[in-house]
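Chemist: Enclosed is the structure file entry-v1.cif (mmCIF, C-alpha atoms).
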```cif
data_data
loop_
_atom_site.group_PDB
_atom_site.id
_atom_site.type_symbol
_atom_site.label_atom_id
_atom_site.label_comp_id
_atom_site.auth_asym_id
_atom_site.auth_seq_id
_atom_site.Cartn_x
_atom_site.Cartn_y
_atom_site.Cartn_z
ATOM 1 C CA MET A 54 99.913 86.631 97.573
ATOM 2 C CA PHE A 55 103.447 87.925 97.304
ATOM 3 C CA LEU A 56 102.349 91.496 98.034
ATOM 4 C CA ASN A 57 100.536 90.327 101.178
ATOM 5 C CA TYR A 58 103.717 88.613 102.336
ATOM 6 C CA ILE A 59 105.751 91.794 101.833
ATOM 7 C CA LYS A 60 103.076 93.920 103.525
ATOM 8 C CA ASN A 61 102.933 91.598 106.546
ATOM 9 C CA TYR A 62 106.727 91.474 106.781
ATOM 10 C CA PHE A 63 107.058 95.253 106.887
ATOM 11 C CA LEU A 64 104.106 95.613 109.249
ATOM 12 C CA ILE A 65 105.664 93.184 111.725
ATOM 13 C CA ARG A 66 109.025 94.910 111.377
ATOM 14 C CA ILE A 67 107.512 98.347 112.051
ATOM 15 C CA LEU A 68 105.527 97.069 115.036
ATOM 16 C CA LYS A 69 108.570 95.394 116.572
ATOM 17 C CA ASN A 70 110.635 98.562 116.189
ATOM 18 C CA ASN A 71 107.911 100.703 117.738
ATOM 19 C CA LEU A 72 107.375 98.302 120.636
ATOM 20 C CA ASP A 73 111.103 98.296 121.366
ATOM 21 C CA ASN A 74 110.930 102.062 121.846
ATOM 22 C CA VAL A 75 108.320 101.762 124.622
ATOM 23 C CA LYS A 76 109.811 102.211 128.064
ATOM 24 C CA SER A 77 109.143 99.236 130.313
ATOM 25 C CA SER A 78 108.812 101.479 133.371
ATOM 26 C CA THR A 79 105.505 102.864 132.087
ATOM 27 C CA LEU A 80 104.034 99.362 131.841
ATOM 28 C CA THR A 81 104.192 98.406 135.508
ATOM 29 C CA THR A 82 100.565 97.275 135.839
ATOM 30 C CA CYS A 83 98.692 94.492 134.094
ATOM 31 C CA VAL A 84 96.318 95.256 131.250
ATOM 32 C CA LYS A 85 92.774 94.729 132.501
ATOM 33 C CA THR A 86 90.640 95.816 129.541
ATOM 34 C CA VAL A 87 91.177 96.073 125.815
ATOM 35 C CA GLY A 88 89.081 98.115 123.401
ATOM 36 C CA LEU A 89 88.388 97.284 119.776
ATOM 37 C CA LEU A 90 87.386 99.880 117.198
ATOM 38 C CA ILE A 91 86.020 98.627 113.865
ATOM 39 C CA ASP A 92 85.323 100.940 110.943
ATOM 40 C CA GLU A 93 82.104 99.672 109.389
ATOM 41 C CA SER A 94 82.527 101.706 106.199
ATOM 42 C CA TYR A 95 85.383 99.435 105.075
ATOM 43 C CA PHE A 96 83.105 96.404 105.057
ATOM 44 C CA LEU A 97 80.298 98.261 103.285
ATOM 45 C CA LYS A 98 82.615 99.246 100.405
ATOM 46 C CA LYS A 99 84.209 95.798 100.079
ATOM 47 C CA LYS A 100 82.883 93.561 97.305
ATOM 48 C CA PRO A 101 81.228 90.338 98.525
ATOM 49 C CA TYR A 102 82.635 87.030 97.281
#
```
Using the file provided, produce a representation of the structure as structure tokens.

Modeler:
Amino acid sequence: MFLNYIKNYFLIRILKNNLDNVKSSTLTTCVKTVGLLIDESYFLKKKPY
């Protein structure tokens, strides 16, 4: 539980820092489509509950 909290905190911190570095001039148009890539091998190796 505590490790998940620390992991999420640092993940959010890293993402915020990286998004601040993006120039706003390159994002002049609206996002029309979003892609999602899921690695199936992760779920096959995970133990079921």

Chemist: If you take every atom of stretch 57-69 of chain A that the file lists and fit an axis-aligned box around them with 6 Å extra on each side, what centre and edge lengths come out in Å to one decimal, as JSON?

Modeler:
```
{"center_x": 104.8, "center_y": 93.5, "center_z": 108.9, "size_x": 20.5, "size_y": 21.7, "size_z": 27.4}
```

Chemist: Have a look at atom CA of A:Asn71 and atom CA of A:Ser94 and let me know their distance in Å, one decimal.

Modeler: 27.9 Å

Chemist: Any idea what the distance is between atom CA of A:Arg66 and atom CA of A:Glu93?

Modeler: 27.4 Å

Chemist: Between atom CA of A:Lys85 and atom CA of A:Asn61, measure the distance and give it in Å to one decimal.

Modeler: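 Atom CA of A:Lys85 sits 28.0 Å away from atom CA of A:Asn61.
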